[in-house]
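S.K.: Contents of run.tsv (TSV, C-alpha atoms and all ligand atoms) are given next:
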chain	number	residue	atom	x	y	z
C	136	MET	CA	86.21	111.23	67.79
C	137	SER	CA	84.65	108.06	66.34
C	138	LEU	CA	81.75	108.41	63.93
C	139	PHE	CA	79.52	106.51	66.35
C	140	ASN	CA	80.31	108.87	69.23
C	141	SER	CA	79.70	111.92	67.09
C	142	ILE	CA	76.33	110.58	65.83
C	143	ILE	CA	75.14	109.89	69.38
C	144	THR	CA	76.42	113.24	70.62
C	145	SER	CA	74.64	115.22	67.94
C	146	THR	CA	71.34	113.30	68.07
C	147	LEU	CA	70.97	112.99	71.86
C	148	PRO	CA	69.58	116.51	72.40
C	149	ILE	CA	66.70	115.79	70.03
C	150	LEU	CA	65.92	112.31	71.36
C	151	PRO	CA	63.15	111.97	73.96
C	152	LYS	CA	64.25	111.84	77.62
C	153	TRP	CA	62.77	108.36	78.11
C	154	PHE	CA	65.24	107.06	75.53
C	155	ALA	CA	68.28	108.59	77.23
C	156	LYS	CA	67.19	107.73	80.78
C	157	PRO	CA	68.37	104.09	80.92
C	158	PHE	CA	71.86	105.24	79.83
C	159	ALA	CA	72.09	108.17	82.27
C	160	ARG	CA	70.28	106.58	85.25
C	161	PRO	CA	73.19	104.51	86.64
C	162	TYR	CA	75.28	107.67	87.04
C	163	VAL	CA	72.69	109.99	88.64
C	164	ALA	CA	71.36	109.49	92.17
C	165	GLY	CA	67.86	110.78	91.36
C	166	LYS	CA	66.23	114.17	90.98
C	167	THR	CA	65.70	115.32	94.56
C	168	GLU	CA	67.67	115.85	97.78
C	169	ASP	CA	65.69	112.97	99.32
C	170	ASP	CA	66.83	110.67	96.48
C	171	ALA	CA	70.47	111.65	96.99
C	172	VAL	CA	70.29	111.27	100.78
C	173	SER	CA	68.91	107.75	100.51
C	174	HIS	CA	71.72	106.76	98.09
C	175	ILE	CA	74.34	108.34	100.37
C	176	ARG	CA	72.95	106.50	103.40
C	177	ALA	CA	73.09	103.20	101.48
C	178	LEU	CA	76.69	103.90	100.43
C	179	ASN	CA	77.68	104.76	104.03
C	180	GLU	CA	76.12	101.50	105.23
C	181	LYS	CA	78.37	99.63	102.78
C	182	GLY	CA	81.47	101.40	104.13
C	183	PHE	CA	81.87	104.19	101.56
C	184	SER	CA	82.22	107.89	102.27
C	185	ALA	CA	80.45	110.24	99.86
C	186	THR	CA	80.65	113.67	98.31
C	187	VAL	CA	77.45	115.12	96.89
C	188	ASP	CA	76.95	117.43	93.93
C	189	ILE	CA	73.84	119.10	92.53
C	190	LEU	CA	74.00	118.65	88.76
C	191	GLY	CA	74.38	121.88	86.85
C	192	GLU	CA	76.86	124.52	85.77
C	193	HIS	CA	77.16	127.87	83.98
C	194	VAL	CA	74.16	129.55	85.61
C	195	LEU	CA	73.50	132.93	84.07
C	196	THR	CA	71.58	134.89	86.72
C	197	LYS	CA	72.51	135.93	90.25
C	198	GLU	CA	69.11	134.75	91.41
C	199	GLU	CA	69.84	131.22	90.18
C	200	ALA	CA	73.38	131.20	91.60
C	201	ARG	CA	72.03	132.24	95.03
C	202	ASN	CA	69.24	129.72	94.84
C	203	ILE	CA	71.77	126.93	94.19
C	204	THR	CA	73.93	128.26	97.05
C	205	ALA	CA	70.89	128.05	99.36
C	206	GLN	CA	70.25	124.46	98.23
C	207	TYR	CA	73.85	123.54	99.07
C	208	CYS	CA	73.52	125.19	102.51
C	209	HIS	CA	70.40	123.12	103.09
C	210	LEU	CA	72.37	120.00	102.09
C	211	TYR	CA	75.03	120.78	104.72
C	212	ASP	CA	72.26	121.03	107.36
C	213	ARG	CA	70.74	117.78	106.18
C	214	ILE	CA	74.08	115.91	106.18
C	215	ALA	CA	74.71	117.06	109.75
C	216	GLY	CA	71.12	116.33	110.86
C	217	GLU	CA	71.30	112.78	109.53
C	218	SER	CA	74.94	112.17	110.58
C	219	LEU	CA	75.95	111.16	107.06
C	220	ASP	CA	79.59	110.55	106.15
C	221	CYS	CA	79.45	113.01	103.28
C	222	ASN	CA	80.97	116.30	102.19
C	223	ILE	CA	80.03	118.57	99.28
C	224	SER	CA	81.58	119.21	95.84
C	225	ILE	CA	80.60	122.37	93.99
C	226	LYS	CA	81.31	123.62	90.46
C	227	PRO	CA	82.24	127.32	90.55
C	228	THR	CA	80.11	128.20	87.50
C	229	HIS	CA	77.11	126.61	89.23
C	230	VAL	CA	77.26	129.32	91.89
C	231	GLY	CA	78.03	132.24	89.62
C	232	LEU	CA	81.61	132.20	88.23
C	233	ASP	CA	80.26	132.69	84.70
C	234	ILE	CA	78.48	135.83	85.94
C	235	SER	CA	81.43	137.36	87.78
C	236	LEU	CA	84.26	136.44	90.11
C	237	ALA	CA	82.66	138.61	92.79
C	238	GLU	CA	79.36	136.72	92.56
C	239	ALA	CA	81.12	133.34	92.92
C	240	MET	CA	83.32	134.64	95.77
C	241	GLY	CA	80.26	135.87	97.68
C	242	ASN	CA	78.46	132.54	97.30
C	243	PHE	CA	81.55	130.50	98.20
C	244	THR	CA	81.98	132.68	101.29
C	245	THR	CA	78.45	131.72	102.39
C	246	LEU	CA	79.15	128.05	101.63
C	247	THR	CA	82.48	128.04	103.46
C	248	LYS	CA	80.86	129.52	106.57
C	249	LYS	CA	78.15	126.88	106.38
C	250	ALA	CA	80.72	124.09	106.08
C	251	GLN	CA	82.52	125.59	109.09
C	252	GLU	CA	79.28	125.75	111.11
C	253	HIS	CA	78.98	121.97	110.74
C	254	GLY	CA	82.71	121.11	110.82
C	255	ASN	CA	82.28	119.65	107.32
C	256	PHE	CA	84.49	119.92	104.24
C	257	LEU	CA	83.98	121.87	101.00
C	258	ARG	CA	85.48	120.66	97.71
C	259	ILE	CA	85.68	123.17	94.88
C	260	ASP	CA	85.44	121.18	91.64
C	261	MET	CA	87.64	122.19	88.70
C	262	GLU	CA	86.05	123.07	85.38
C	263	ASN	CA	87.74	123.85	82.06
C	264	SER	CA	90.91	125.91	81.72
C	265	PRO	CA	89.40	129.40	81.31
C	266	PHE	CA	88.27	129.02	84.95
C	267	THR	CA	91.42	127.50	86.49
C	268	ASN	CA	93.08	130.67	87.82
C	269	GLN	CA	89.84	132.12	89.19
C	270	THR	CA	88.98	128.82	90.85
C	271	PHE	CA	92.32	128.84	92.71
C	272	GLU	CA	91.65	132.47	93.67
C	273	ILE	CA	88.30	131.47	95.16
C	274	TYR	CA	89.98	128.57	96.97
C	275	GLN	CA	92.60	130.86	98.51
C	276	HIS	CA	89.88	133.26	99.62
C	277	CYS	CA	87.85	130.44	101.24
C	278	LYS	CA	90.97	129.22	103.08
C	279	THR	CA	91.24	132.59	104.82
C	280	ILE	CA	87.83	131.83	106.38
C	281	TYR	CA	88.13	128.10	107.12
C	282	ASN	CA	90.87	125.53	106.61
C	283	ASN	CA	88.69	122.59	105.63
C	284	VAL	CA	88.36	123.48	101.95
C	285	GLY	CA	89.97	121.67	99.02
C	286	VAL	CA	90.48	121.97	95.28
C	287	VAL	CA	90.98	119.70	92.29
C	288	ILE	CA	94.20	119.23	90.32
C	289	GLN	CA	93.89	117.86	86.76
C	290	SER	CA	96.74	115.62	85.63
C	291	TYR	CA	96.25	116.45	81.94
C	292	LEU	CA	97.29	120.07	82.52
C	293	HIS	CA	100.98	120.91	82.13
C	294	ARG	CA	100.69	123.49	84.92
C	295	SER	CA	99.45	121.14	87.67
C	296	LEU	CA	102.76	120.28	89.31
C	297	ASP	CA	103.52	124.01	89.68
C	298	ASP	CA	100.02	124.57	91.04
C	299	ILE	CA	100.66	122.07	93.85
C	300	HIS	CA	103.95	123.75	94.74
C	301	HIS	CA	102.19	127.10	94.74
C	302	LEU	CA	99.14	126.05	96.77
C	303	ALA	CA	100.50	123.43	99.17
C	304	ASN	CA	101.42	125.60	102.10
C	305	GLY	CA	99.76	124.71	105.38
C	306	LYS	CA	96.99	122.14	105.28
C	307	PHE	CA	96.37	121.29	101.62
C	308	ASN	CA	93.74	118.88	100.31
C	309	ALA	CA	93.40	118.20	96.58
C	310	ARG	CA	91.50	115.70	94.51
C	311	ILE	CA	93.73	114.51	91.69
C	312	CYS	CA	91.88	113.49	88.53
C	313	LYS	CA	92.80	113.26	84.86
C	314	GLY	CA	90.44	116.07	83.81
C	315	ILE	CA	87.22	115.65	81.87
C	316	TYR	CA	87.21	118.59	79.44
C	317	ARG	CA	88.83	118.81	76.03
C	318	GLU	CA	91.93	120.98	76.31
C	319	SER	CA	94.41	121.91	73.60
C	320	GLU	CA	97.81	120.29	73.34
C	321	SER	CA	99.46	123.64	74.05
C	322	ILE	CA	98.35	123.37	77.68
C	323	ALA	CA	97.44	119.72	78.22
C	324	TYR	CA	98.89	116.25	77.75
C	325	GLN	CA	96.88	114.25	75.24
C	326	SER	CA	98.19	110.70	75.56
C	327	ARG	CA	96.91	108.25	78.17
C	328	GLU	CA	100.51	107.42	79.25
C	329	GLU	CA	101.52	111.04	79.83
C	330	ILE	CA	98.32	111.78	81.77
C	331	GLN	CA	98.84	108.65	83.89
C	332	ASP	CA	102.53	109.46	84.49
C	333	ASN	CA	101.68	113.00	85.54
C	334	PHE	CA	98.91	111.70	87.84
C	335	LEU	CA	101.51	109.60	89.63
C	336	SER	CA	104.01	112.48	89.85
C	337	LEU	CA	101.29	114.71	91.30
C	338	ALA	CA	100.36	112.03	93.85
C	339	LYS	CA	104.01	111.68	94.91
C	340	THR	CA	104.48	115.46	95.13
C	341	MET	CA	101.39	115.73	97.35
C	342	VAL	CA	102.82	113.11	99.72
C	343	ALA	CA	106.21	114.87	99.75
C	344	GLN	CA	104.33	118.03	100.81
C	345	LYS	CA	102.41	116.04	103.49
C	346	ALA	CA	99.22	117.12	101.74
C	347	TYR	CA	96.04	115.00	101.54
C	348	SER	CA	94.95	113.61	98.15
C	349	GLY	CA	91.82	112.07	96.74
C	350	TYR	CA	92.85	109.75	93.88
C	351	ALA	CA	89.83	110.12	91.60
C	352	THR	CA	90.05	107.52	88.87
C	353	HIS	CA	88.42	104.35	87.55
C	354	ASP	CA	91.48	103.47	85.48
C	355	GLN	CA	92.45	100.04	86.82
C	356	ASP	CA	96.04	100.24	85.48
C	357	LEU	CA	96.52	103.58	87.18
C	358	ILE	CA	95.06	102.20	90.44
C	359	ASP	CA	97.57	99.30	90.14
C	360	ARG	CA	100.42	101.77	89.70
C	361	LEU	CA	99.24	103.86	92.66
C	362	LEU	CA	98.94	100.78	94.86
C	363	ASP	CA	102.41	99.53	93.84
C	364	TRP	CA	103.90	102.83	94.96
C	365	ILE	CA	101.73	103.11	98.11
C	366	GLU	CA	102.68	99.61	99.24
C	367	THR	CA	106.38	99.80	98.29
C	368	ASP	CA	106.92	103.21	99.88
C	369	LYS	CA	104.55	102.44	102.78
C	370	ILE	CA	102.55	105.63	102.24
C	371	SER	CA	100.39	106.40	105.26
C	372	LYS	CA	96.67	105.82	104.74
C	373	ASP	CA	96.12	109.17	106.49
C	374	LEU	CA	97.42	110.92	103.40
C	375	PHE	CA	94.98	109.75	100.73
C	376	GLU	CA	91.66	108.23	99.77
C	377	PHE	CA	90.34	106.77	96.52
C	378	GLN	CA	87.41	108.48	94.82
C	379	VAL	CA	85.02	107.24	92.14
C	380	LEU	CA	81.93	108.50	90.34
C	381	TYR	CA	78.60	107.00	91.38
C	382	GLY	CA	77.56	104.08	89.19
C	383	VAL	CA	80.76	103.45	87.23
C	384	PRO	CA	81.32	99.66	87.24
C	385	MET	CA	84.61	98.74	88.93
C	386	GLU	CA	84.46	94.92	88.71
C	387	GLY	CA	84.95	94.17	92.39
C	388	ARG	CA	87.84	96.61	92.80
C	389	LEU	CA	86.06	98.85	95.29
C	390	GLN	CA	85.19	95.96	97.56
C	391	ALA	CA	88.79	94.72	97.41
C	392	LEU	CA	90.11	98.19	98.28
C	393	LEU	CA	87.66	98.50	101.19
C	394	GLU	CA	88.70	95.08	102.48
C	395	ALA	CA	92.36	96.12	102.27
C	396	GLY	CA	91.50	99.03	104.59
C	397	TYR	CA	91.55	101.86	102.02
C	398	LYS	CA	89.13	104.74	102.27
C	399	ILE	CA	86.84	105.23	99.27
C	400	ARG	CA	84.64	108.23	98.58
C	401	VAL	CA	81.85	108.07	96.00
C	402	TYR	CA	80.87	111.23	94.10
C	403	VAL	CA	77.07	111.35	94.12
C	404	PRO	CA	75.47	113.74	91.61
C	405	TYR	CA	71.73	114.44	91.63
C	406	GLY	CA	69.25	117.03	90.45
C	407	PRO	CA	66.33	117.82	88.18
C	408	ASP	CA	68.67	118.99	85.39
C	409	TRP	CA	70.19	115.54	84.84
C	410	PHE	CA	69.29	115.39	81.12
C	411	GLU	CA	70.60	118.83	80.12
C	412	TYR	CA	73.74	118.23	82.18
C	413	SER	CA	74.39	114.79	80.63
C	414	VAL	CA	73.99	116.18	77.11
C	415	ARG	CA	76.43	119.03	77.82
C	416	ARG	CA	78.96	116.58	79.27
C	417	LEU	CA	78.69	114.31	76.22
C	418	LYS	CA	79.15	117.23	73.84
C	419	GLU	CA	82.17	118.37	75.81
C	420	ASN	CA	83.73	114.91	75.91
C	421	PRO	CA	82.26	112.42	73.40
C	422	LYS	CA	84.61	109.72	74.79
C	423	ILE	CA	82.03	109.29	77.55
C	424	VAL	CA	79.60	107.88	74.93
C	425	SER	CA	81.78	104.80	74.50
C	426	TYR	CA	82.20	104.42	78.29
C	427	VAL	CA	78.47	104.58	78.87
C	428	MET	CA	77.65	102.19	76.00
C	429	ARG	CA	80.33	99.71	77.09
C	430	ASN	CA	79.18	99.79	80.72
C	431	PHE	CA	75.52	99.49	79.65
C	432	PHE	CA	76.10	96.32	77.64
C	433	ARG	CA	78.63	94.89	80.11
C	434	LYS	CA	75.95	95.00	82.81
C	435	ARG	CA	73.60	93.02	80.60
A	501	LIG	C1	85.33	111.49	92.19
A	501	LIG	C2	85.65	112.15	90.88
A	501	LIG	C3	85.61	113.53	90.80
A	501	LIG	C4	85.96	114.18	89.60
A	501	LIG	N1	86.01	115.55	89.57
A	501	LIG	C5	86.46	116.16	88.44
A	501	LIG	C6	86.66	117.58	88.39
A	501	LIG	O1	86.44	118.30	89.37
A	501	LIG	N2	87.13	118.12	87.25
A	501	LIG	C7	87.41	117.36	86.14
A	501	LIG	O2	87.87	117.90	85.13
A	501	LIG	N3	87.20	116.03	86.15
A	501	LIG	C8	86.75	115.41	87.26
A	501	LIG	N4	86.57	114.05	87.26
A	501	LIG	C9	86.64	113.29	85.99
A	501	LIG	C10	88.04	112.83	85.70
A	501	LIG	O3	88.85	113.94	85.41
A	501	LIG	C11	88.07	111.87	84.49
A	501	LIG	O4	87.64	112.52	83.34
A	501	LIG	C12	87.23	110.63	84.63
A	501	LIG	O5	87.31	110.12	85.92
A	501	LIG	C13	87.71	109.57	83.64
A	501	LIG	O6	89.06	109.26	83.85
A	501	LIG	P1	89.56	107.93	84.59
A	501	LIG	O7	90.72	108.32	85.43
A	501	LIG	O8	88.47	107.28	85.31
A	501	LIG	O9	90.17	107.04	83.46
A	501	LIG	P2	89.64	106.59	82.03
A	501	LIG	O10	90.72	105.76	81.44
A	501	LIG	O11	89.15	107.76	81.25
A	501	LIG	O12	88.40	105.68	82.41
A	501	LIG	C14	88.57	104.36	82.92
A	501	LIG	C15	87.23	103.65	82.83
A	501	LIG	O13	86.30	104.24	83.74
A	501	LIG	C16	84.98	104.26	83.19
A	501	LIG	N5	84.53	105.66	83.16
A	501	LIG	C17	85.30	106.74	83.34
A	501	LIG	N6	84.55	107.87	83.32
A	501	LIG	C18	83.27	107.48	83.11
A	501	LIG	C19	82.04	108.18	82.99
A	501	LIG	N7	81.97	109.52	83.07
A	501	LIG	N8	80.93	107.45	82.79
A	501	LIG	C20	80.99	106.11	82.71
A	501	LIG	N9	82.12	105.39	82.82
A	501	LIG	C21	83.25	106.07	83.03
A	501	LIG	C22	85.07	103.62	81.83
A	501	LIG	O14	84.71	102.26	81.96
A	501	LIG	C23	86.54	103.74	81.46
A	501	LIG	O15	86.98	102.74	80.61
A	501	LIG	C24	86.28	113.39	88.46
A	501	LIG	C25	86.31	112.00	88.55
A	501	LIG	C26	86.03	111.38	89.74
A	501	LIG	C27	86.13	109.89	89.81
Just give me the structure of the file as structure tokens.
Ligand SMILES: Cc1cc2nc3c(=O)[nH]c(=O)nc-3n(C[C@H](O)[C@H](O)[C@H](O)COP(=O)(O)OP(=O)(O)OC[C@H]3O[C@@H](n4cnc5c(N)ncnc54)[C@H](O)[C@@H]3O)c2cc1C
M.R.:
Amino acid sequence: MSLFNSIITSTLPILPKWFAKPFARPYVAGKTEDDAVSHIRALNEKGFSATVDILGEHVLTKEEARNITAQYCHLYDRIAGESLDCNISIKPTHVGLDISLAEAMGNFTTLTKKAQEHGNFLRIDMENSPFTNQTFEIYQHCKTIYNNVGVVIQSYLHRSLDDIHHLANGKFNARICKGIYRESESIAYQSREEIQDNFLSLAKTMVAQKAYSGYATHDQDLIDRLLDWIETDKISKDLFEFQVLYGVPMEGRLQALLEAGYKIRVYVPYGPDWFEYSVRRLKENPKIVSYVMRNFFRKR
């Protein structure tokens, strides 16, 4: 970790919120459901699909986990009521996985039934490795209720190729991303090249299994490599979409992908806990400090 990143990471929690806001604002779609809905509508009007997430994780009481579950159910109603092209992404520890597997299972059961009521989709986000097995267990439970549920596969984990082989029976939908947490070299690739190579292998394995993938990356070289393969092997556009985080500058790439007929889904996070969440993310992965600083000055 560079000295600069570590200074920012350790001082951010004691800096006033007004100082951090200009850096965090581009990546957060506001504090309220109304804020998020207006951003999602604007994205839909530009041709993007969306997935929405309430910022937060690691809740410690059942009351809070159930309250968040109720907010997500309300979001499903709102998405249907306003005919938005949007599904929902949920972190398991935000609805109770840190409390118990049973608590998270119960809340995901409620959420799956709500998604089913509206014919919408539920994405279960992937957190750090202590939660991987339990997250797949929750996923498999949800699939017994409703088919339109998906998980996330992280290309930095050595296990991910096996996970696809294990999970991809019947209709399988996975977001492939590099993985945002710091994981040890005993379980995770550390070099950019290995993580990119594995991303591509995972994408190819998903296609071989006729499973649907969301390619979640802003890495332009990796997008080039994906497109080379997609175009050379004439991969059907019904088998994948590109996904990006709200606010990350892509230098015209998204427009070019849309114009070439590719589907793009933008991950839209919102919520009152934006500051606490951003600080936790930075502490977990100080690399984000350099991304945010670079993007901030690039825009100016
Ligand atoms: C839609 C979506 C959903 C995701 N869901 C998960 C998940 O469930 N679990 C999980 O572990 N990870 C998730 N991630 C994060 C992912 O694993 C990576 O950590 C992240 O996308 C950075 O990797 P990259 O592929 O973009 O490539 P990198 O090479 O790391 O980044 C390429 C460029 O993108 C920009 N960039 C990347 N990330 C950020 C950021 N956070 N803020 C500002 N600029 C940034 C920078 O300009 C950087 O140079 C998700 C990512 C996306 C796009």
S.K.: Using all atoms listed in the file, which residues have at least one atom no more than 6 Å from ligand LIG 501 (chain A)? Output them as a PyMOL selection string.
M.R.: chain C and resi 260-262+287+312-316+351-354+378-380+383+402+423+426-427
S.K.: Do you know which residues are at most 12 Å from region 293-309 of chain C counting all atoms listed in the file, after dropping those on the same chain fewer than 6 positions away, and could you put them as an NGL selection string?
M.R.: :C and (224 or 256-261 or 264 or 267-268 or 270-272 or 274-275 or 278-279 or 281-287 or 318-325 or 329-330 or 332-351 or 373-378)
S.K.: Counting all atoms listed in the file, which residue out of C:Thr204, C:Lys226, C:Ser290, C:Arg310 sits closest to Arg400 (chain C)?
M.R.: C:Arg310
S.K.: Name the residues in contact with Leu178 (chain C) at a cut-off of 10 Å, using all atoms listed in the file, excluding same-chain residues fewer than 3 positions from it; report them as a PyMOL selection string.
M.R.: chain C and resi 172-175+181-185+219-221+381+400-401+403
S.K.: When you count only C-alpha atoms, which of these residues is closest to Lys248 (chain C): C:His193, C:Lys398, C:His276, C:Arg327?
M.R.: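 Residue with the minimum atom-to-atom distance to Lys248 (chain C): C:His276.
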S.K.: Which of these residues is nearest to Gly241 (chain C), using only C-alpha atoms: C:Arg201, C:Asn255, C:Asn263, C:Leu190?
M.R.: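 Of C:Arg201, C:Asn255, C:Asn263, C:Leu190, the one nearest Gly241 (chain C) is C:Arg201, counting only C-alpha atoms.
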S.K.: Could you tell me how far CA of Ala391 (chain C) lies from CA of Ile311 (chain C), in Å and to one decimal?
M.R.: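 Going from CA of Ala391 (chain C) over to CA of Ile311 (chain C) covers 21.2 Å.
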S.K.: Could you list as an MDAnalysis selection string every residue that has an atom within 10 Å of (76.3, 129.9, 96.3), using the file's coordinates and counting only C-alpha atoms?
M.R.: chainID C and resid 197:208 225:232 238:247
S.K.: Which is closer to Leu236 (chain C) than all the others in C:Gly216, C:Asn222, C:Ile273, C:Leu195, using only C-alpha atoms?
M.R.: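 Closest to Leu236 (chain C), using only C-alpha atoms: C:Ile273.
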S.K.: Under the rule that only C-alpha atoms are counted, which of C:Glu386, C:Phe266, C:Tyr291, C:Cys277 is the nearest residue to Gln251 (chain C)?
M.R.: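 Ranked by minimum distance to Gln251 (chain C), first place goes to C:Cys277.
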S.K.: Separation of CA of Asp212 (chain C) and CA of Asp170 (chain C), in Å?
M.R.: 16.0 Å
S.K.: What does the distance between CA of Arg213 (chain C) and CA of Thr196 (chain C) come to in Å, to one decimal place?
M.R.: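 Value for the CA of Arg213 (chain C)-CA of Thr196 (chain C) distance: 25.9 Å.
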S.K.: Excluding Glu168 (chain C) and residues on its chain fewer than 6 positions from it, collect all residues at most 8 Å away from it, counting all atoms listed in the file, and give them as number ranges by chain.
M.R.: C: 210, 405-406
S.K.: Assuming the input is short of atoms at region 226-241 of chain C, produce N, CA, C and O atoms for that part as a short mmCIF file (atom, residue, chain, number, x, y, z; two decimals), in the coordinates of the input.
M.R.:
data_model
loop_
_atom_site.label_atom_id
_atom_site.label_comp_id
_atom_site.auth_asym_id
_atom_site.auth_seq_id
_atom_site.Cartn_x
_atom_site.Cartn_y
_atom_site.Cartn_z
N LYS C 226 80.69 123.02 91.65
CA LYS C 226 81.31 123.62 90.46
C LYS C 226 81.19 125.14 90.55
O LYS C 226 80.08 125.66 90.70
N PRO C 227 82.31 125.86 90.41
CA PRO C 227 82.24 127.32 90.55
C PRO C 227 81.21 127.99 89.63
O PRO C 227 80.54 128.93 90.04
N THR C 228 81.07 127.51 88.38
CA THR C 228 80.11 128.20 87.50
C THR C 228 78.66 127.89 87.89
O THR C 228 77.74 128.55 87.41
N HIS C 229 78.47 126.90 88.77
CA HIS C 229 77.11 126.61 89.23
C HIS C 229 76.65 127.64 90.27
O HIS C 229 75.47 127.81 90.50
N VAL C 230 77.63 128.29 90.91
CA VAL C 230 77.26 129.32 91.89
C VAL C 230 77.79 130.69 91.45
O VAL C 230 78.10 131.54 92.27
N GLY C 231 77.88 130.88 90.11
CA GLY C 231 78.03 132.24 89.62
C GLY C 231 79.34 132.65 88.97
O GLY C 231 79.47 133.80 88.57
N LEU C 232 80.32 131.74 88.79
CA LEU C 232 81.61 132.20 88.23
C LEU C 232 81.48 132.69 86.79
O LEU C 232 82.26 133.51 86.34
N ASP C 233 80.46 132.20 86.07
CA ASP C 233 80.26 132.69 84.70
C ASP C 233 79.63 134.09 84.70
O ASP C 233 79.64 134.77 83.67
N ILE C 234 79.08 134.49 85.85
CA ILE C 234 78.48 135.83 85.94
C ILE C 234 79.58 136.83 86.30
O ILE C 234 79.81 137.79 85.59
N SER C 235 80.26 136.54 87.41
CA SER C 235 81.43 137.36 87.78
C SER C 235 82.19 136.65 88.90
O SER C 235 81.62 135.83 89.63
N LEU C 236 83.46 137.01 89.03
CA LEU C 236 84.26 136.44 90.11
C LEU C 236 83.66 136.87 91.46
O LEU C 236 83.59 136.07 92.40
N ALA C 237 83.21 138.09 91.53
CA ALA C 237 82.66 138.61 92.79
C ALA C 237 81.42 137.81 93.21
O ALA C 237 81.25 137.50 94.40
N GLU C 238 80.58 137.49 92.23
CA GLU C 238 79.36 136.72 92.56
C GLU C 238 79.75 135.34 93.13
O GLU C 238 79.22 134.90 94.15
N ALA C 239 80.70 134.67 92.45
CA ALA C 239 81.12 133.34 92.92
C ALA C 239 81.79 133.44 94.29
O ALA C 239 81.53 132.63 95.19
N MET C 240 82.63 134.44 94.48
CA MET C 240 83.32 134.64 95.77
C MET C 240 82.29 134.79 96.90
O MET C 240 82.44 134.19 97.96
N GLY C 241 81.29 135.62 96.65
CA GLY C 241 80.26 135.87 97.68
C GLY C 241 79.55 134.57 98.05
O GLY C 241 79.36 134.25 99.23
#
